[in-house]
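Presented below is the structure to which this report refers.
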Amino acid sequence: MSVSVQEADFDAGAEIGALSAGRDDVGAVASFVGLVRADKADGETSAAAAVKAMTLEHYQGMTEKALEEIVVQAQARWELLGVRVIHRVGRLLPGDRIVFVAVASSHRGDAFAACEFIMDYLKTRAPFWKKEETLQGGRWVDARESDDAAAGRWSDSK
Amino acid sequence: MSVSVQEADFDAGAEIGALSAGRDDVGAVASFVGLVRADKADGETSAAAAVKAMTLEHYQGMTEKALEEIVVQAQARWELLGVRVIHRVGRLLPGDRIVFVAVASSHRGDAFAACEFIMDYLKTRAPFWKKEETLQGGRWVDARESDDAAAGRWSDSK
Amino acid sequence: MSVKILFFAGLREALGSGSETLDLPAGIATVGELRDFLAARGEPWSALATTKNLRVAVNQQMVGLDTPVKAGDEVAFFPPVTGG
Amino acid sequence: MSVKILFFAGLREALGSGSETLDLPAGIATVGELRDFLAARGEPWSALATTKNLRVAVNQQMVGLDTPVKAGDEVAFFPPVTGG
């Protein structure tokens, strides 16, 4: 298990490759890359509302700990052989990568489920805050109920 | 949409990057890499039963068509911005990559669901046949009921 | 006009043949009848009758054994697929 | 001994401060009471009382407002997290 919070970009291919390098028991690596979209902010329609940049803030120490706890939970739920989480912070532009999660397992079902589980929790529980910049100015993003719902579906059962 | 059946290995990072390159509407790229495991064949326990190599055979023309149909089905079910499928054929060794599926979307839910959907169908419907080599000889793998069950769960609803 | 017949995987190995071209014999109207005709050649062709869950494709579409076959078709016989 | 207090995101900007170190005032036993103490300083500190769904962490663990606070603790106030 390895968790990083960093300003630097990452190389998804190298990270995916590292999870199975030198071993012959990994049958599946599910992964996810999240990117900055140039979407308009919720409820906005004018071109001036398009996101020009985004700044991600975190709580150094607590954020890393939160990500590690999420990974430990995933490891308890599914049979995993390796997990890699990278989350960027700082100012990012549309098209930039924000987050990377990759999960290695013997079987694809466990890899997919754990990868999506980590992403869902990461979007709701980990201490990150997003500020969007548009031509109208900057504004902190409100917590989204759809993300809470996505994370909530894991609480009852696998 | 792009589908390839090939002997050559692939570069997962380059393929993932290509799905969002030059655009700012992709928020999510879910991907999957399948690899050859050195597992023992079902029901076998001796070291001689460990898989030493695997040969994948396909039905040229029909296989490509089947993969394209699977992708079209996924595009009809979810809001997708790009799909890449690569399946290798020929003789592969434990640790070698076999299959790659990557799906780009605005949102992670659609990307994850479509990626897993394509993988599940690919394991059951696409014309590939696997022959495993162990120290005891070669044998064609039987179709697995667990894969049929995984594909079947998509038939009722999203 | 003839039919092109393809065999894959374990069936291909059992028959020692990946493909053949055949003038469609008189009286054969379906892929099931074509299979029976080939299986009746005796060993090793009887594998076509004994392969568990034998699958058939006509012109690269999976079909049932009662599907009509006509001259010019590409007919493929194979065991259940086992994925990647 | 004192408490270290941290503020994040919109709250940090509203307060114009990311952190401060404070000798824990007498009579303050919980993080809720600490928040009220800070908010009572007036503008801009009243944002601590008006921020919707204000979250609190003590020693990097999310807690409720009735959680005890003691000298040496790291107490963080922030709005709901918005993920990556």
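Convention: chains lettered A, B, ... in structure tokens order; per-chain residue numbering from 1; ligands numbered from 1 as shown.
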
- request: Skip D:Lys52 itself and residues of its chain fewer than 5 positions away, then list as a ChimeraX atom specification all residues within 12 Å of it, counting only C-alpha atoms.
  value: /A:142-143 /D:10-11,47,77-81

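For chain C, the residues close to chain B, meaning within 6 Å and counting only C-alpha atoms, are C:Gln60, C:Val81, C:Thr82, C:Gly83, C:Gly84.
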
Hey, can you spit out that residue selection with C-alpha atoms as an mmCIF file, in the first residue's frame?
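File produced: selection.cif:
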```
data_model
loop_
_atom_site.group_PDB
_atom_site.id
_atom_site.type_symbol
_atom_site.label_atom_id
_atom_site.label_comp_id
_atom_site.auth_asym_id
_atom_site.auth_seq_id
_atom_site.Cartn_x
_atom_site.Cartn_y
_atom_site.Cartn_z
ATOM 1 C CA GLN C 60 -19.366 -14.424 -37.774
ATOM 2 C CA VAL C 81 -15.240 -19.250 -25.423
ATOM 3 C CA THR C 82 -12.999 -18.793 -22.389
ATOM 4 C CA GLY C 83 -12.152 -15.090 -22.574
ATOM 5 C CA GLY C 84 -9.023 -13.170 -21.867
#
```

task: Considering only C-alpha atoms, return as number ranges by chain whatever protein or nucleic-acid residues lie within 6 Å of stretch 109-114 of chain A, sequence-local ones (same chain, fewer than 2 positions apart) excluded.
output: A: 30, 74, 78, 103-105, 107, 116-117

Written selection (N, CA and C atoms) as an mmCIF file, in the first residue's frame:
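Resulting contents of selection.cif:
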```
data_model
loop_
_atom_site.group_PDB
_atom_site.id
_atom_site.type_symbol
_atom_site.label_atom_id
_atom_site.label_comp_id
_atom_site.auth_asym_id
_atom_site.auth_seq_id
_atom_site.Cartn_x
_atom_site.Cartn_y
_atom_site.Cartn_z
ATOM 1 N N ALA A 30 -7.236 -2.790 -11.558
ATOM 2 C CA ALA A 30 -8.246 -1.789 -11.904
ATOM 3 C C ALA A 30 -7.705 -0.432 -11.478
ATOM 4 N N ALA A 74 -10.464 -0.984 2.550
ATOM 5 C CA ALA A 74 -10.613 -1.743 1.300
ATOM 6 C C ALA A 74 -9.910 -3.096 1.413
ATOM 7 N N TRP A 78 -11.838 -6.725 0.676
ATOM 8 C CA TRP A 78 -11.555 -7.500 -0.521
ATOM 9 C C TRP A 78 -10.152 -8.098 -0.464
ATOM 10 N N VAL A 103 -5.656 -0.635 -8.031
ATOM 11 C CA VAL A 103 -5.792 -1.756 -7.110
ATOM 12 C C VAL A 103 -5.463 -3.048 -7.845
ATOM 13 N N ALA A 104 -4.545 -3.815 -7.280
ATOM 14 C CA ALA A 104 -4.172 -5.107 -7.857
ATOM 15 C C ALA A 104 -4.791 -6.235 -7.037
ATOM 16 N N SER A 105 -5.265 -7.259 -7.738
ATOM 17 C CA SER A 105 -5.852 -8.414 -7.071
ATOM 18 C C SER A 105 -5.663 -9.625 -7.974
ATOM 19 N N HIS A 107 -8.249 -11.330 -8.876
ATOM 20 C CA HIS A 107 -9.459 -11.367 -9.694
ATOM 21 C C HIS A 107 -10.033 -9.972 -9.920
ATOM 22 N N GLU A 116 -13.301 1.398 -6.923
ATOM 23 C CA GLU A 116 -14.440 2.315 -6.886
ATOM 24 C C GLU A 116 -14.764 2.721 -5.443
ATOM 25 N N PHE A 117 -14.645 1.781 -4.517
ATOM 26 C CA PHE A 117 -14.857 2.066 -3.086
ATOM 27 C C PHE A 117 -13.901 3.156 -2.608
#
```

message: With only C-alpha atoms considered, list every residue of chain A at most 6 Å from chain B, as a VMD selection string.
response: chain A and resid 12 to 13 24 to 25 27 to 38 94 to 95

What would the file look like if the residues just selected were written as an mmCIF file, in the first residue's frame with C-alpha atoms?
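Below is the file that was written, result_37.cif:
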```
data_model
loop_
_atom_site.group_PDB
_atom_site.id
_atom_site.type_symbol
_atom_site.label_atom_id
_atom_site.label_comp_id
_atom_site.auth_asym_id
_atom_site.auth_seq_id
_atom_site.Cartn_x
_atom_site.Cartn_y
_atom_site.Cartn_z
ATOM 1 C CA ALA A 12 -0.455 6.193 -14.533
ATOM 2 C CA GLY A 13 1.215 3.561 -16.711
ATOM 3 C CA ASP A 24 2.913 -13.729 -11.191
ATOM 4 C CA ASP A 25 -0.099 -13.752 -8.865
ATOM 5 C CA GLY A 27 -4.453 -11.181 -12.489
ATOM 6 C CA ALA A 28 -6.185 -7.810 -12.397
ATOM 7 C CA VAL A 29 -5.284 -4.167 -11.962
ATOM 8 C CA ALA A 30 -8.246 -1.789 -11.904
ATOM 9 C CA SER A 31 -7.367 1.878 -11.941
ATOM 10 C CA PHE A 32 -8.874 5.310 -12.103
ATOM 11 C CA VAL A 33 -7.621 8.695 -13.204
ATOM 12 C CA GLY A 34 -9.630 11.793 -12.263
ATOM 13 C CA LEU A 35 -9.127 14.991 -14.242
ATOM 14 C CA VAL A 36 -10.132 18.641 -14.035
ATOM 15 C CA ARG A 37 -13.099 19.397 -16.267
ATOM 16 C CA ALA A 38 -13.830 22.831 -17.711
ATOM 17 C CA PRO A 94 -8.712 21.809 -17.093
ATOM 18 C CA GLY A 95 -7.358 18.542 -18.488
#
```

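Within stretch 59-93 of chain A, the backbone-based DSSP assignment of strand (DSSP E) covers A:Gly82, A:Val83, A:Arg84, A:Val85, A:Ile86, A:His87, A:Arg88, A:Gly90, A:Arg91, A:Leu92.
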
query: D:Ala29: which residues within 10 Å, counting only C-alpha atoms, same-chain residues fewer than 3 positions away excluded, as a PyMOL selection string?
result: chain D and resi 24-26+32-34+66-70

With N, CA, C and O atoms retained, could you export that selection as a CSV table (one decimal), in the first residue's frame?
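This went into result_24.csv:
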```csv
chain,number,residue,atom,x,y,z
D,24,LEU,N,-5.1,27.8,26.3
D,24,LEU,CA,-6.5,27.4,26.4
D,24,LEU,C,-7.1,28.2,27.5
D,24,LEU,O,-6.7,28.1,28.7
D,25,PRO,N,-8.2,29.0,27.2
D,25,PRO,CA,-8.8,29.9,28.3
D,25,PRO,C,-9.5,29.0,29.3
D,25,PRO,O,-10.0,27.9,29.0
D,26,ALA,N,-9.5,29.5,30.5
D,26,ALA,CA,-10.2,28.8,31.6
D,26,ALA,C,-11.7,28.6,31.3
D,26,ALA,O,-12.3,29.4,30.6
D,32,GLY,N,-16.6,22.6,21.0
D,32,GLY,CA,-17.7,23.5,20.7
D,32,GLY,C,-17.5,24.8,21.5
D,32,GLY,O,-17.8,25.9,21.0
D,33,GLU,N,-17.1,24.7,22.8
D,33,GLU,CA,-16.9,25.9,23.6
D,33,GLU,C,-15.7,26.7,23.0
D,33,GLU,O,-15.7,27.9,23.1
D,34,LEU,N,-14.7,26.0,22.5
D,34,LEU,CA,-13.6,26.7,21.9
D,34,LEU,C,-14.0,27.5,20.7
D,34,LEU,O,-13.6,28.6,20.5
D,66,ASP,N,-19.0,18.3,20.9
D,66,ASP,CA,-19.0,18.0,22.4
D,66,ASP,C,-17.7,17.3,22.8
D,66,ASP,O,-17.6,16.8,24.0
D,67,THR,N,-16.8,17.1,21.9
D,67,THR,CA,-15.5,16.4,22.3
D,67,THR,C,-14.6,17.3,23.2
D,67,THR,O,-14.5,18.5,22.9
D,68,PRO,N,-14.1,16.7,24.2
D,68,PRO,CA,-13.2,17.4,25.1
D,68,PRO,C,-12.0,17.9,24.4
D,68,PRO,O,-11.5,17.3,23.5
D,69,VAL,N,-11.5,19.1,24.8
D,69,VAL,CA,-10.2,19.6,24.3
D,69,VAL,C,-9.3,19.9,25.5
D,69,VAL,O,-9.8,20.3,26.5
D,70,LYS,N,-8.0,19.6,25.3
D,70,LYS,CA,-7.1,19.8,26.4
D,70,LYS,C,-5.8,20.4,25.8
D,70,LYS,O,-5.6,20.3,24.6
```

statement: Separating atom CA of C:Leu48 from atom CA of C:Asp36, to the nearest tenth of an Å, is a gap of 7.7 Å

- request: Grab the atom CA of C:Met62 to atom CA of B:Arg77 distance for me, in Å with one decimal place.
  value: 22.6 Å

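You will find atom CA of C:Gly27 at 20.1 Å from atom CA of C:Ala57.
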
message: Taking only C-alpha atoms into account, name the residue in C:Ala76, C:Leu54, C:Ala40, C:Ala49 that is nearest to C:Thr21.
response: C:Ala76

Backbone DSSP call of helix (DSSP H, G or I) for chain B, listed as a PyMOL selection string: chain B and resi 12-20+47-49+62-77+108-124+145-152

message: Quick one: residues within 9 Å of D:Glu20, only C-alpha atoms, excluding same-chain residues fewer than 4 positions away - as a PyMOL selection string?
response: chain D and resi 3-7

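Minimum atom-to-atom distances from A:Ser46, A:Arg84, A:Glu79, A:Glu133 to A:Val3 were compared using only C-alpha atoms, and the lowest value belongs to A:Arg84.
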